Structures are given as structure tokens and as C-alpha cells.
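Asker: Quick one: structure below, then a few questions.
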Amino acid sequence: MKALHRIGKLLAVILVLGMVMTQFGAGLALADAVAGEEEPQYVTRVVTIGADLSEEQKANIFRFFGTTPEEVTVMIITNADERAHLEHLFPSDVIGWQTFSCAYVSPTQDGRGIQVKTANMNYVTGNMIASTLSTSGVENCDVLAAAPFEVSGTGALTGVIMAYEEAIGQELDAEKKELANEELVTTGDLAEEVGQDEAILVVNDIKIQVVREGAAPEDTIVIVDNVLETVNAASVSSVGRGITVSDDVKNKLYAFAQKFASLGYNLDSVQTTLQRVAQNVTESTGIADPIMDTFEEKISTKIPEDSILYTADDSVFGGNTTATFDDPADTEEVTFEGSLSADGVSLTPHGTVNANYWVDGTNVLKYADGRGYGLMDIDGKHLTEAKYDSLYGEYGYVEAAIYNGTVNDEGLLNVAGQEIIPCQYGNIDFENRYWVVCWNLTDATEDDADAHDFDDNYYKITTADIYFLENEQAKLVATLPRAEIGEYYANGKTINVENRSTGEVSCYNSDFEAVETGLKSAYSAPDGDLTGVIHTFRENRMDGLKDAQNNVLLEPAYPYIYLYEDRDYVLISSGSYEGLIDWDGNEIIFTDYDSIESNYYGPVGAHSRSSSGYSGNGYITAVEDGKYVFLDVNGNVTYDSGVSQTEYEDEVCGASVLYEDASGQAHILAADGKDTVISGYNRVSPLYYGSGMLYRVQSEDYSYGLIDWHGNVIFEPKFDSIYMSADGTHLLVYEYYAGTQLFDVAYEGPVHVAPVKEEPSKPEPETETQAAKPAEPETTTQAVQPAAPEPATQAAQGAGGSVSEVLSGIKALAIADYEGNKDNIVLLLKGVSELLGEENAEAAYLVDSAVQLIGYDAADSDSISLLIDSALDVLVEPAPAPEPEPVPEPETEPEPVTEPVTEPVPEPGPEPETEAATQGAAETIAQVLDGIKALAASDLEGNKDNIILLLNGVSASLGEENAEAASLLDSAVQLINLDAADSDSISLLVDAALAALAAQ
């Protein structure tokens, strides 16, 4: 999928969100295309054979490679080829006069980088081949390089580039290939002074630093010097010897780094390979290179069973092989340690499959056969051919692409494998579960483009096809030329579309018949109840619920009802307290709790498109008096834990909560009444779609295991991936080279361990004054005061006025250091989301999506920035409430007014609902301030500019009633500007502001 986004608009936000939410996304990225030529395409696997091999030796080579001449394209490499490519790089005696070494090249398409396995080669190493390919512009490729007896390997090195170009049907970028040759020379010269592995380590670290920093050529001298100094110190510390580099070689390193910086290598494209080279060399040399500490985790080679690295037959050459990154083991039966039954959960073996990933958000698997990807069911049945270059889930469907050399190559499958939208579009844009807008694109310039990708390729819409989705099928309802489609937005089963030429916005039904025209904007709700799905309605300042046919499911009884189509229940609020109703309008949990906690670990259900929801296997997590309380879906308390909530540091998972105590010790707090200390693991995280009853654990060697919600071990940490299907009923356990096994998962229902809570009272009906019923006619001389705005509006005016400034600060924080600030970014985003009212539901959704991406470990600074920009685009900043016009003093006593007054005179002071809304906004601002305080404590100097921006934003959002708190925040800003602040002083001022807020 192309990462397209609309220029200055929201149009492609959901597209980009779908792209970054993909857990296991894989795009074909073979090489940098030559300017003016079509994108390279994967053609076949290629074997190069040394021209001087005997027929028997050739046969052994093919046996080792695990293939036959009929299954691959064969190229013959001669000594003349070697000399033409390498004579200016290596000594003549290294090249020799005959060619015996061979290569087997298979371009890959799953983002696992370049991986090499060699046999009988004593000069050319796997690291050398990987580095050469990477610098030449190759991103993903498996390589076998071998000879029937020990040789230098220059024939294989020559053949690798030639084979790769043959496989993709296109030459690599000439400048990058030339730079790869220069890298070989420079590394060789450096190796004569410091050793081959150390030389590779130095050059590799230089490349990592250049691409990571996006360094300009003139900045690379400092990088080279720093790398030499760092590797020298690490070598002295680790192995007791340093490295000394002559000025001549150092100048060659400077020249190489400058050229490398000038050719625009992309970090995402090369990091996997460069990290693996660094990892491999540090392990072989024993040098503890500090650059390894800058990566989040160790890279492991993810090799599918059909990879050429896996199918190589080591026995042909007596095991005399070297794997650059991993040595694929022989196939073995998958075995599991530990019990398959745990507290509340049981796992039954379902069978083995030749697929390693679920399509995210679905219960179907994605398999590869070396030519592409296809869909497979849990019994191993192929639902499609492996003809797709990318597959990923969205709204329970599967977006697919078949690369054809143009931008228009995307389509849509249902989970049965049917292609319900053909792969002929440049963009598949989901608006909701019912509406998809598919763009036909053509190349454009920046000035007239509708969208662009992250490589700054610009595109313009020629036509847009609009599809209505229902019952796993897609119905084409309209084809609009560019002039007739601008902004668009779906409301349930209706969609608003702006006519680009006239600016008119109309609302259309599922047959694309206009049911309402003249809307103010694409994001306006229709005046009538036209959504065609369950929706809220408002009467007498209370929310109710109607079904798709506009029948009342729930009479207006709550100040707020928050209906999100991706949640399993509907949230209700009294303004200060929360509860839940089901989608039929039945009260499940009355508004007695500080909050009903949402989680991202439940299964995808009938009313959800993702793992977000409120329940986990029938349990719901609430907070009462600041402490966690668990309930079942009938509102009965199962466990009143007494454990205090720690905002945004706990992982709420439905049936459990993962939290840390004051000493930093991890606990799992289970809804059935157990609080278990978890120790002995490098990392513990809830399993997505596991309802909070299953947790994935990771050992120090980055292997995965599984425990239940009481800490009982189900699988020891020995596996390479563990994932659950979207409905939570099947578990995939995968070990490299050993295969994939599926398990059927069953859960016990909620267990009651505490007395059933007394049924809370329902909300009292409004008084006549609260309901604003007409008053009895009376005679009065008092001027009628303006009616107070509704609570939601008042809360927004108090808390939402400077949300844009806070969001801008969070964006700056992500750009400055996303990984270092990730926890604080989550805390701040959650705070902002709570500040946004119903009028900003779209912005809140985008902010929540950013939080969810971070939770999936699927975000980076670019994706978070894009979502924040999109939220800013649709943010409605409410204007201050208008001041009532003064009533002029009459010069003479006015005549009595005898006409009846239909509106009652409001009592002085805010209404109770308004107080509750204002209190809720203040509590949320307090949460944001907690995040700013944590940010200052972690690194005040590094985050100074962002802290100022955030403090200013919060200060501006505080009304006159919080003037004291605003003044304290302004003082903090002033201290920072005067360079007179430290983390303690900022924390002190923020605490004082929090105290002032609490006093209101």
C-alpha cells in the first residue's frame, strides 16, 4: 500500500491510519527505481553458476541450494565477469583465474532485510555481501553463496548483483552500485589496519549514523570521527585492544560517508540490514559496540519455511557453512513446554499451518509462497492464490495490492478471499464500516495535487468510485469525476459529499440518492435521522438512543451518551460519573463510577472493528473513589480491589489490569480477585484480543512465552512470535524453522468473589426547571436573561479553547524524540482526548487512534504527527460564550409588562450539570498537567521548548475561575524563559496549580 495523504485535508487520514495500524505489514521494496522508469517488479529466483565447475560440482551446488535448473533462472559467471566488476577492487590473486563460487538470489517482500548464508568462502563474507547489496539499493533479499570447495568467493560476489538485477528485471541505481564498490575498497583498506570484522563494524556504524541523523554531506566528518572514537573505546574495553587508523584511510572514510549521505538512503529501508550486520559483527568479535544499545531490541531473522535459507541442504558440503544472521536448523516437530490449561483459560491444539501471521483484525491467516501473499483459513485451506504483494486488515476486510508498475494497484477482499473491489485503485479510503471511496490517480505536481506519499510523489484524482459495503460484499454506487468530489464524511449508512466545483454538500443514502442537500460542511450531521444505524438524539438537554429505524431504544435520561461504533458497549455519563448501556438501550452499569475504563485488548465483536472496548471475557473495569473495581456485564461487582489507579501508567485490559507498585514491581490485578506479582521476565504485555486473561512475556534473548492472568506459565519463553486471532478464539505460536501451531482457546465465564453490589438507583427525573418546561404566565418587570449554554458547550469553552496549542506541543515532542517521550506522549494525548466534546468527536477519534497505534508499537514520529495534523484540521475551537448585552437603566419607571413570559428566570449560579461538566474538564486538565510534570522530571533541558508550549496551552484553556492556577503555570513558563528553573521548581509550581484546580 502506498502511504498517501491528502494535502492539507483530512481525506486520506483513515488510509494512513490503516497503513500504520497494520501489525505485520509487508510491502515489496526491492530497490530504488531509476528515474523515469517503472517501479521494479519481482520476477523470479536466479542462480549464478561459476563457469569452471564440472557437471558433478554444478549438481552439488543445486543440491545445496535446494532447487533445480528448471525451477530458477540460471546465469553463468565467468572470470572475465569477475575481473570486469572487481579487478579495481581486489588483488588479482584474490580474484584468481577461474570461477567456481555461485550465488542463489531470492528477492523478498516482507521487510526482513538482507540475509546471507555462505559455504566454502574464505575472503568474501556474508556481511560483505549484505553491505554491498544494501549500499547498491537493495532492501530485502535472501542470498545463498557457495562453492564446492574453499575459494575466495569473488565469483559469488560478482553474481549477486547481476542475479538481483535479473530477478527484478531492472538495473540498480548506477551511483549506488558505484558507491558499493567504493565501500568494498574502503573497507578492505581499513581491514588491513584494524582487521576485517572491525572494518565492517566501523563502516556499518557510519552508515547507521548517517541515515539515522539524516546527515548532510558536510556533517559526516564529525560522524566518522565519533564512530572511530566509539569503536576504539569499545574495542579497548571489550577485548583489550584498540584500533588505529591512518590519515589516508580516514580520508577515504570521509569521502565514502559524504557520498553515502548525498544519495538519500532511507532509514526504514536499510536499518534492518545494518542492525543485523552490527549485531553479527559484535557477536563474532566480542566488541560491545554501544550502537547496539540504541536499538529497541535484537533483530532476529524471520525466515518463512519456503525461504532459500531454510531449504539449503547443509549436508552437501559437510556442514561447512556460515550464516550471516541465523543458521536455519533442520525442520523439527513443534513441541511446547508447560501446561495447555490455565486458570480460566484452556488451549487445545488445532493443528499446524504454513503461515506465520494473522491478517490484523480478522481470523484469517496470511501465507507466502515466495511469489507473493495469499489468504488461508485456520485449517490450512488456501482462500486465495499467493498473488498479492500486500495484504492487511481494515474494518474486517482485507486491503490488497498487486503491484503493476503504476500507482493504481489496490483493491479489497472479504475474509472469504473474494475480490469484492478490483485491484485497480491508487487509494482505498475507508470512511467507516459501510463506505469506501476508491481513487483513480494520475501523476501531478505539488501545486495541483490531491495527495502525496512520503517520497513526495504527487498525485491528482481523476475519478473516485464510491462503494457501499454490507454483508461482506461491495456495491459500486457512484463514479464521480474530480470536479464533483471534494471533502466527504460518512454518518452510518449515509455519506456526505462536497461538490468540488460548486462547494455544495449533500447527504446520500446507500443507493447514492441525495436525501438532504445544502449542508454546511462535509462533517455536518444531517438535520434528520438519516444515519441508518443506531444513534443518539437529544431532548430537554438529555441524550437518548434510537435504532436504525428511528425507534426509541432509550428515552432521553442521561446528560451525555457516547456512542462509538468500534466499542462493545455504549458509555453514559451524568457529567461526573459514568456507566454503560448495551446496544439495545438496556442499562448495564448505572452512572455510579468515576470512570468506566476502556481497553484495547478485547476481541473484535459485532459492534467493534478493533480490539478497543470496555469488556474482557464478560468483565468490565471501573474506577470508584480512585480505586479499581471489576464488574460483570450485568453490573455485579466481582472484585473491589482497593488498588489505586495510576493514571496512564497502568494497562487496563478488561478482565485484568497490569500495574506497577511503588517499588516498581509489576502486578497483574485479575477481575476474579487475585493480585499476582510478575517477575523474571524482560517484558510483560497483554496479548491483543486476549481479553486481559492472557499475557505475552519476553525473555532476555527476546524470545516469547505466554502466561495467564494469574501468572501461571502456559508456554516458556522460547518462541519467536505469539499472536491471537481477532475474535480471541485461536492462538498462533511460531518458532523459526520449526513451524506454526494453532490452538483453540476457551475461557471460563466471570467468577464472583465479592458480595453483589446493591442495585444503584436510576437517575432521578428532571425537575420542571431542569427540563426547562414552560413556566406559568406571570407579570414581571425583570429583563429576561440569556439562557445558559448547554453543559457540553460550557465545558468545551473552559477546556477546549487551546487544545490546538497542546496538540502542537505533543507533535513537537514526538518529532524531537518519539521513543524517549513515548509514555508522556500517550499520557498527554489521552488527556487531550478527554477534553474534546461531542462537537470534536472526529478529532478525538484521531487522537485516540494515535494512542492505539503507540500501544500496538506501530507508530513513529511521522505517523503521530500526521494524525495530530489531521486532528488539528478538523478541530472545532469553540468561541467564548457571548457576554449578555447590558440592560440600560430606564429614565422613567417602566410600564409593567403584562404579556406572559414563556421562559423561566434562571436562578443565580451555574446549574448542577454545568458544575459537573466543569469539574470533569478540570480533572482532565489535571491529568495533562501530570504529564507535563513527568516530562520536566525526565529531561527539562531536552524538553524545554515543548514544556513551554504545553504549559502555555493549558494556561490559556483555564477560565477566570482558575486564574490562580493559570498564574502559577505562567510563572513556570517565566522561570524557564529566565533559565532559572529546574525540574523540582517546575514540579512544585505544577503541583501548586493542581492544588488550586482541586480547590475550585
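Order determines the names: the first chain of the C-alpha cells is A, the second B, and so forth; residues in each chain are numbered 1 upward, and ligands are numbered 1 upward as they are shown.
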Would you mind listing what lies within 8 Å of Met724 of chain A as a list in words, with only C-alpha atoms counted and same-chain residues fewer than 3 positions away left out?
Answerer: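 After dropping sequence-adjacent residues, the list is Trp358, Leu687, Tyr688, Tyr689, Gly690, Gly728, Thr729, His730, Leu731 and Leu732 of chain A.
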Asker: May I have the selected residues written with all heavy atoms, as a compact mmCIF listing (two decimals), in the first residue's frame?
Answerer:
```
# COMPACT_ATOMS: atom_id res chain seq x y z
N TRP A 358 -1.59 -13.59 11.35
CA TRP A 358 -2.98 -13.28 11.08
C TRP A 358 -3.04 -12.01 10.24
O TRP A 358 -2.18 -11.13 10.37
CB TRP A 358 -3.75 -13.02 12.38
CG TRP A 358 -3.77 -14.15 13.35
CD1 TRP A 358 -3.04 -14.24 14.50
CD2 TRP A 358 -4.55 -15.34 13.30
NE1 TRP A 358 -3.31 -15.41 15.16
CE2 TRP A 358 -4.26 -16.11 14.44
CE3 TRP A 358 -5.49 -15.82 12.38
CZ2 TRP A 358 -4.85 -17.33 14.68
CZ3 TRP A 358 -6.09 -17.04 12.64
CH2 TRP A 358 -5.77 -17.79 13.77
N LEU A 687 -1.85 -9.63 25.77
CA LEU A 687 -1.97 -10.18 24.43
C LEU A 687 -3.20 -9.56 23.77
O LEU A 687 -4.31 -9.62 24.32
CB LEU A 687 -2.13 -11.70 24.50
CG LEU A 687 -2.04 -12.46 23.17
CD1 LEU A 687 -0.65 -12.34 22.56
CD2 LEU A 687 -2.40 -13.92 23.37
N TYR A 688 -3.00 -8.92 22.62
CA TYR A 688 -4.12 -8.32 21.92
C TYR A 688 -5.17 -9.38 21.60
O TYR A 688 -4.85 -10.49 21.19
CB TYR A 688 -3.65 -7.63 20.65
CG TYR A 688 -3.05 -6.28 20.93
CD1 TYR A 688 -1.68 -6.11 20.93
CD2 TYR A 688 -3.86 -5.18 21.24
CE1 TYR A 688 -1.12 -4.87 21.21
CE2 TYR A 688 -3.31 -3.94 21.53
CZ TYR A 688 -1.93 -3.78 21.51
OH TYR A 688 -1.39 -2.57 21.80
N TYR A 689 -6.43 -9.00 21.79
CA TYR A 689 -7.61 -9.83 21.60
C TYR A 689 -7.74 -10.90 22.67
O TYR A 689 -8.61 -11.75 22.59
CB TYR A 689 -7.63 -10.50 20.22
CG TYR A 689 -7.36 -9.57 19.07
CD1 TYR A 689 -6.28 -9.77 18.21
CD2 TYR A 689 -8.18 -8.46 18.81
CE1 TYR A 689 -6.03 -8.91 17.14
CE2 TYR A 689 -7.92 -7.60 17.75
CZ TYR A 689 -6.84 -7.84 16.92
OH TYR A 689 -6.60 -6.99 15.88
N GLY A 690 -6.89 -10.86 23.71
CA GLY A 690 -6.89 -11.87 24.76
C GLY A 690 -7.72 -11.52 25.97
O GLY A 690 -7.69 -12.26 26.97
N GLY A 728 -10.43 -13.73 19.28
CA GLY A 728 -9.91 -14.25 20.54
C GLY A 728 -10.06 -15.74 20.73
O GLY A 728 -9.86 -16.24 21.85
N THR A 729 -10.36 -16.49 19.68
CA THR A 729 -10.63 -17.92 19.84
C THR A 729 -9.51 -18.82 19.36
O THR A 729 -9.56 -20.03 19.56
CB THR A 729 -11.92 -18.32 19.10
OG1 THR A 729 -11.74 -18.08 17.70
CG2 THR A 729 -13.11 -17.52 19.61
N HIS A 730 -8.48 -18.26 18.69
CA HIS A 730 -7.39 -19.08 18.18
C HIS A 730 -6.06 -18.38 18.44
O HIS A 730 -5.91 -17.17 18.23
CB HIS A 730 -7.55 -19.34 16.68
CG HIS A 730 -8.72 -20.19 16.35
ND1 HIS A 730 -9.97 -19.66 16.08
CD2 HIS A 730 -8.87 -21.55 16.28
CE1 HIS A 730 -10.82 -20.65 15.84
NE2 HIS A 730 -10.18 -21.79 15.96
N LEU A 731 -5.09 -19.17 18.86
CA LEU A 731 -3.76 -18.67 19.19
C LEU A 731 -2.75 -19.24 18.20
O LEU A 731 -2.77 -20.44 17.92
CB LEU A 731 -3.38 -19.07 20.61
CG LEU A 731 -2.09 -18.48 21.16
CD1 LEU A 731 -2.29 -17.01 21.53
CD2 LEU A 731 -1.61 -19.26 22.39
N LEU A 732 -1.89 -18.38 17.69
CA LEU A 732 -0.83 -18.79 16.77
C LEU A 732 0.49 -18.73 17.52
O LEU A 732 0.84 -17.69 18.11
CB LEU A 732 -0.82 -17.85 15.56
CG LEU A 732 0.23 -18.05 14.45
CD1 LEU A 732 -0.30 -17.44 13.15
CD2 LEU A 732 1.58 -17.38 14.79
```
Asker: For Val629 of chain A, find every residue with an atom within 6 Å (counting only C-alpha atoms), except residues of its own chain fewer than 2 positions away, and show them as a list in words.
Answerer: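 The filter keeps Ala622, Val623, Tyr639, Asp640 and Ser641 of chain A.
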Asker: Identify all residues of segment 109-297 of chain A in strand (DSSP E) (DSSP on the backbone) and supply them as JSON, numbers by chain.
Answerer: {"A": [114, 115, 116, 117, 118, 119, 120, 121, 141, 142, 143, 144, 145, 146, 147, 148, 149, 150, 151]}
Asker: Would you export the selected residues with N, CA and C atoms as a PDB file, in the first residue's frame, please?
Answerer:
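Once written, result.pdb looks like this:
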```
ATOM      1  N   ILE A 114      18.235  -7.916   4.329  1.00  0.00           N
ATOM      2  CA  ILE A 114      19.100  -8.779   3.508  1.00  0.00           C
ATOM      3  C   ILE A 114      19.718  -9.838   4.411  1.00  0.00           C
ATOM      4  N   GLN A 115      19.590 -11.099   4.021  1.00  0.00           N
ATOM      5  CA  GLN A 115      20.101 -12.201   4.831  1.00  0.00           C
ATOM      6  C   GLN A 115      20.921 -13.121   3.940  1.00  0.00           C
ATOM      7  N   VAL A 116      22.055 -13.550   4.455  1.00  0.00           N
ATOM      8  CA  VAL A 116      23.013 -14.282   3.622  1.00  0.00           C
ATOM      9  C   VAL A 116      23.506 -15.507   4.366  1.00  0.00           C
ATOM     10  N   LYS A 117      23.664 -16.594   3.615  1.00  0.00           N
ATOM     11  CA  LYS A 117      24.310 -17.794   4.134  1.00  0.00           C
ATOM     12  C   LYS A 117      25.370 -18.206   3.137  1.00  0.00           C
ATOM     13  N   THR A 118      26.574 -18.493   3.623  1.00  0.00           N
ATOM     14  CA  THR A 118      27.694 -18.838   2.739  1.00  0.00           C
ATOM     15  C   THR A 118      28.244 -20.216   3.069  1.00  0.00           C
ATOM     16  N   ALA A 119      28.921 -20.814   2.078  1.00  0.00           N
ATOM     17  CA  ALA A 119      29.587 -22.103   2.272  1.00  0.00           C
ATOM     18  C   ALA A 119      30.887 -22.109   1.476  1.00  0.00           C
ATOM     19  N   ASN A 120      31.993 -22.501   2.122  1.00  0.00           N
ATOM     20  CA  ASN A 120      33.306 -22.664   1.466  1.00  0.00           C
ATOM     21  C   ASN A 120      33.844 -21.360   0.869  1.00  0.00           C
ATOM     22  N   MET A 121      33.658 -20.243   1.562  1.00  0.00           N
ATOM     23  CA  MET A 121      34.191 -18.959   1.089  1.00  0.00           C
ATOM     24  C   MET A 121      35.058 -18.364   2.196  1.00  0.00           C
ATOM     25  N   CYS A 141      16.226  -9.216   0.630  1.00  0.00           N
ATOM     26  CA  CYS A 141      16.715 -10.270  -0.260  1.00  0.00           C
ATOM     27  C   CYS A 141      17.333 -11.387   0.569  1.00  0.00           C
ATOM     28  N   ASP A 142      17.084 -12.629   0.164  1.00  0.00           N
ATOM     29  CA  ASP A 142      17.774 -13.783   0.732  1.00  0.00           C
ATOM     30  C   ASP A 142      18.839 -14.234  -0.260  1.00  0.00           C
ATOM     31  N   VAL A 143      20.033 -14.581   0.246  1.00  0.00           N
ATOM     32  CA  VAL A 143      21.150 -14.961  -0.619  1.00  0.00           C
ATOM     33  C   VAL A 143      21.832 -16.206  -0.060  1.00  0.00           C
ATOM     34  N   LEU A 144      22.067 -17.181  -0.929  1.00  0.00           N
ATOM     35  CA  LEU A 144      22.981 -18.287  -0.644  1.00  0.00           C
ATOM     36  C   LEU A 144      24.200 -18.109  -1.541  1.00  0.00           C
ATOM     37  N   ALA A 145      25.392 -18.216  -0.988  1.00  0.00           N
ATOM     38  CA  ALA A 145      26.625 -18.113  -1.775  1.00  0.00           C
ATOM     39  C   ALA A 145      27.515 -19.286  -1.393  1.00  0.00           C
ATOM     40  N   ALA A 146      27.995 -20.025  -2.390  1.00  0.00           N
ATOM     41  CA  ALA A 146      28.701 -21.266  -2.069  1.00  0.00           C
ATOM     42  C   ALA A 146      29.634 -21.685  -3.197  1.00  0.00           C
ATOM     43  N   ALA A 147      30.579 -22.548  -2.829  1.00  0.00           N
ATOM     44  CA  ALA A 147      31.466 -23.213  -3.791  1.00  0.00           C
ATOM     45  C   ALA A 147      31.632 -24.649  -3.337  1.00  0.00           C
ATOM     46  N   PRO A 148      31.978 -25.566  -4.259  1.00  0.00           N
ATOM     47  CA  PRO A 148      32.122 -26.979  -3.873  1.00  0.00           C
ATOM     48  C   PRO A 148      33.344 -27.225  -3.008  1.00  0.00           C
ATOM     49  N   PHE A 149      34.272 -26.271  -2.957  1.00  0.00           N
ATOM     50  CA  PHE A 149      35.458 -26.361  -2.090  1.00  0.00           C
ATOM     51  C   PHE A 149      35.841 -24.931  -1.732  1.00  0.00           C
ATOM     52  N   GLU A 150      36.809 -24.779  -0.849  1.00  0.00           N
ATOM     53  CA  GLU A 150      37.103 -23.452  -0.314  1.00  0.00           C
ATOM     54  C   GLU A 150      37.747 -22.556  -1.369  1.00  0.00           C
ATOM     55  N   VAL A 151      37.117 -21.367  -1.575  1.00  0.00           N
ATOM     56  CA  VAL A 151      37.617 -20.364  -2.515  1.00  0.00           C
ATOM     57  C   VAL A 151      37.423 -18.992  -1.890  1.00  0.00           C
TER      58      VAL A 151
END
```
Asker: Residues within 10 Å of Asp945 of chain A, please, as a ChimeraX atom specification. Count only C-alpha atoms; anything in the same chain fewer than 2 positions from it doesn't count.
Answerer: /A:809,812-813,940-943,947-950,973,976-977
Asker: Put those residues in a file: N, CA and C atoms, as a PDB file, in the first residue's frame.
Answerer:
```pdb
ATOM      1  N   GLY A 809       2.143  21.065  20.746  1.00  0.00           N
ATOM      2  CA  GLY A 809       3.260  20.716  21.623  1.00  0.00           C
ATOM      3  C   GLY A 809       3.553  19.238  21.648  1.00  0.00           C
ATOM      4  N   ALA A 812       5.416  18.377  18.516  1.00  0.00           N
ATOM      5  CA  ALA A 812       6.830  18.748  18.615  1.00  0.00           C
ATOM      6  C   ALA A 812       7.598  17.758  19.480  1.00  0.00           C
ATOM      7  N   LEU A 813       6.928  17.272  20.518  1.00  0.00           N
ATOM      8  CA  LEU A 813       7.550  16.302  21.409  1.00  0.00           C
ATOM      9  C   LEU A 813       7.855  14.999  20.669  1.00  0.00           C
ATOM     10  N   LEU A 940      14.219  18.136  31.656  1.00  0.00           N
ATOM     11  CA  LEU A 940      13.741  19.502  31.498  1.00  0.00           C
ATOM     12  C   LEU A 940      14.466  20.215  30.371  1.00  0.00           C
ATOM     13  N   GLU A 941      15.777  20.109  30.324  1.00  0.00           N
ATOM     14  CA  GLU A 941      16.548  20.825  29.306  1.00  0.00           C
ATOM     15  C   GLU A 941      16.194  20.343  27.915  1.00  0.00           C
ATOM     16  N   GLY A 942      16.148  19.035  27.736  1.00  0.00           N
ATOM     17  CA  GLY A 942      15.875  18.497  26.415  1.00  0.00           C
ATOM     18  C   GLY A 942      14.461  18.780  25.936  1.00  0.00           C
ATOM     19  N   ASN A 943      13.520  18.933  26.895  1.00  0.00           N
ATOM     20  CA  ASN A 943      12.119  19.124  26.523  1.00  0.00           C
ATOM     21  C   ASN A 943      11.618  20.536  26.791  1.00  0.00           C
ATOM     22  N   ILE A 947       7.789  21.860  26.751  1.00  0.00           N
ATOM     23  CA  ILE A 947       7.121  22.100  28.030  1.00  0.00           C
ATOM     24  C   ILE A 947       6.508  23.497  28.053  1.00  0.00           C
ATOM     25  N   ILE A 948       7.232  24.467  27.523  1.00  0.00           N
ATOM     26  CA  ILE A 948       6.700  25.843  27.468  1.00  0.00           C
ATOM     27  C   ILE A 948       5.436  25.882  26.632  1.00  0.00           C
ATOM     28  N   LEU A 949       5.489  25.233  25.479  1.00  0.00           N
ATOM     29  CA  LEU A 949       4.329  25.225  24.594  1.00  0.00           C
ATOM     30  C   LEU A 949       3.129  24.578  25.265  1.00  0.00           C
ATOM     31  N   LEU A 950       3.354  23.466  25.947  1.00  0.00           N
ATOM     32  CA  LEU A 950       2.266  22.772  26.617  1.00  0.00           C
ATOM     33  C   LEU A 950       1.715  23.576  27.792  1.00  0.00           C
ATOM     34  N   VAL A 973       6.437  29.098  33.183  1.00  0.00           N
ATOM     35  CA  VAL A 973       6.953  29.470  31.866  1.00  0.00           C
ATOM     36  C   VAL A 973       7.997  30.563  31.998  1.00  0.00           C
ATOM     37  N   ILE A 976      11.315  29.245  33.248  1.00  0.00           N
ATOM     38  CA  ILE A 976      12.051  28.524  32.206  1.00  0.00           C
ATOM     39  C   ILE A 976      12.693  29.513  31.244  1.00  0.00           C
ATOM     40  N   ASN A 977      11.944  30.549  30.855  1.00  0.00           N
ATOM     41  CA  ASN A 977      12.490  31.538  29.927  1.00  0.00           C
ATOM     42  C   ASN A 977      13.672  32.292  30.513  1.00  0.00           C
TER      43      ASN A 977
END
```
Asker: What is the atom CA of Asn404 of chain A-atom CA of Glu165 of chain A distance in Å, reported with one decimal?
Answerer: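 Taking atom CA of Asn404 of chain A and atom CA of Glu165 of chain A, their separation equals 17.8 Å.
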Asker: Please provide as a PyMOL selection string all residues within 12 Å of Tyr614 of chain A, with the sequence filter that same-chain residues fewer than 5 positions apart are discarded (counting only C-alpha atoms).
Answerer: chain A and resi 564+566-571+579-582+588-589+595-605+607-608+619-622+630-633+652-656+691-692
Asker: For Val105 of chain A, list every protein, DNA or RNA residue within 12 Å, evaluated using only C-alpha atoms, and leave out those in the same chain fewer than 4 positions away; present the list as a VMD selection string.
Answerer: chain A and resid 42 to 49 65 67 72 to 75 114 to 117 129 to 130 133 138 140 to 146 156 to 157 159 to 168 307 to 309 370
Asker: Could you pull the residues within 8 Å of Thr220 of chain A, counting only C-alpha atoms, minus those fewer than 3 positions along the same chain, as a PDB file with N, CA, C and O atoms, in the first residue's frame?
Answerer:
```pdb
ATOM      1  N   VAL A 210      24.639   8.039   9.705  1.00  0.00           N
ATOM      2  CA  VAL A 210      24.296   8.978   8.631  1.00  0.00           C
ATOM      3  C   VAL A 210      22.797   8.919   8.332  1.00  0.00           C
ATOM      4  O   VAL A 210      22.126   9.953   8.256  1.00  0.00           O
ATOM      5  N   ALA A 215      21.951  13.009   7.950  1.00  0.00           N
ATOM      6  CA  ALA A 215      23.060  13.962   7.895  1.00  0.00           C
ATOM      7  C   ALA A 215      23.307  14.474   6.483  1.00  0.00           C
ATOM      8  O   ALA A 215      23.200  13.732   5.499  1.00  0.00           O
ATOM      9  N   ALA A 216      23.627  15.740   6.387  1.00  0.00           N
ATOM     10  CA  ALA A 216      24.083  16.329   5.137  1.00  0.00           C
ATOM     11  C   ALA A 216      25.537  15.927   4.916  1.00  0.00           C
ATOM     12  O   ALA A 216      26.268  15.627   5.873  1.00  0.00           O
ATOM     13  N   PRO A 217      26.007  15.926   3.658  1.00  0.00           N
ATOM     14  CA  PRO A 217      27.396  15.512   3.398  1.00  0.00           C
ATOM     15  C   PRO A 217      28.418  16.261   4.234  1.00  0.00           C
ATOM     16  O   PRO A 217      29.393  15.673   4.714  1.00  0.00           O
ATOM     17  N   ILE A 223      30.680  12.640  12.155  1.00  0.00           N
ATOM     18  CA  ILE A 223      30.156  11.285  12.372  1.00  0.00           C
ATOM     19  C   ILE A 223      31.270  10.256  12.268  1.00  0.00           C
ATOM     20  O   ILE A 223      31.383   9.357  13.108  1.00  0.00           O
ATOM     21  N   VAL A 224      32.113  10.362  11.246  1.00  0.00           N
ATOM     22  CA  VAL A 224      33.224   9.415  11.078  1.00  0.00           C
ATOM     23  C   VAL A 224      34.139   9.453  12.290  1.00  0.00           C
ATOM     24  O   VAL A 224      34.529   8.407  12.831  1.00  0.00           O
ATOM     25  N   TYR A 254      35.988   9.525   5.125  1.00  0.00           N
ATOM     26  CA  TYR A 254      35.290  10.809   4.970  1.00  0.00           C
ATOM     27  C   TYR A 254      34.611  10.881   3.602  1.00  0.00           C
ATOM     28  O   TYR A 254      33.438  11.272   3.491  1.00  0.00           O
ATOM     29  N   ALA A 257      31.579   8.504   3.383  1.00  0.00           N
ATOM     30  CA  ALA A 257      30.434   8.969   4.173  1.00  0.00           C
ATOM     31  C   ALA A 257      29.730  10.132   3.486  1.00  0.00           C
ATOM     32  O   ALA A 257      28.495  10.229   3.490  1.00  0.00           O
ATOM     33  N   GLN A 258      30.497  11.030   2.882  1.00  0.00           N
ATOM     34  CA  GLN A 258      29.895  12.168   2.197  1.00  0.00           C
ATOM     35  C   GLN A 258      29.044  11.704   1.013  1.00  0.00           C
ATOM     36  O   GLN A 258      27.923  12.192   0.802  1.00  0.00           O
ATOM     37  N   ALA A 261      25.857  10.012   2.269  1.00  0.00           N
ATOM     38  CA  ALA A 261      24.860  10.978   2.731  1.00  0.00           C
ATOM     39  C   ALA A 261      24.168  11.682   1.573  1.00  0.00           C
ATOM     40  O   ALA A 261      23.026  12.124   1.699  1.00  0.00           O
TER      41      ALA A 261
END
```
Asker: Could you name the residues that touch Ser237 of chain A at 12 Å or less, counting only C-alpha atoms, but leaving out those on the same chain fewer than 3 positions away, as an NGL selection string?
Answerer: :A and (230-234 or 240-243 or 286-290)
Asker: Pick out the closest residue to Gly739 of chain A from this set: A:Tyr310, A:Val353, A:Ser644, A:Lys259. Count only C-alpha atoms.
Answerer: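 Of the candidates, the smallest distance to Gly739 of chain A is held by A:Val353.
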Asker: Of the residues A:Ser703, A:Leu545, A:Ala871, A:Gln209, which is the one nearest to Val222 of chain A, using only C-alpha atoms?
Answerer: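 Closest residue, counting only C-alpha atoms: A:Gln209.
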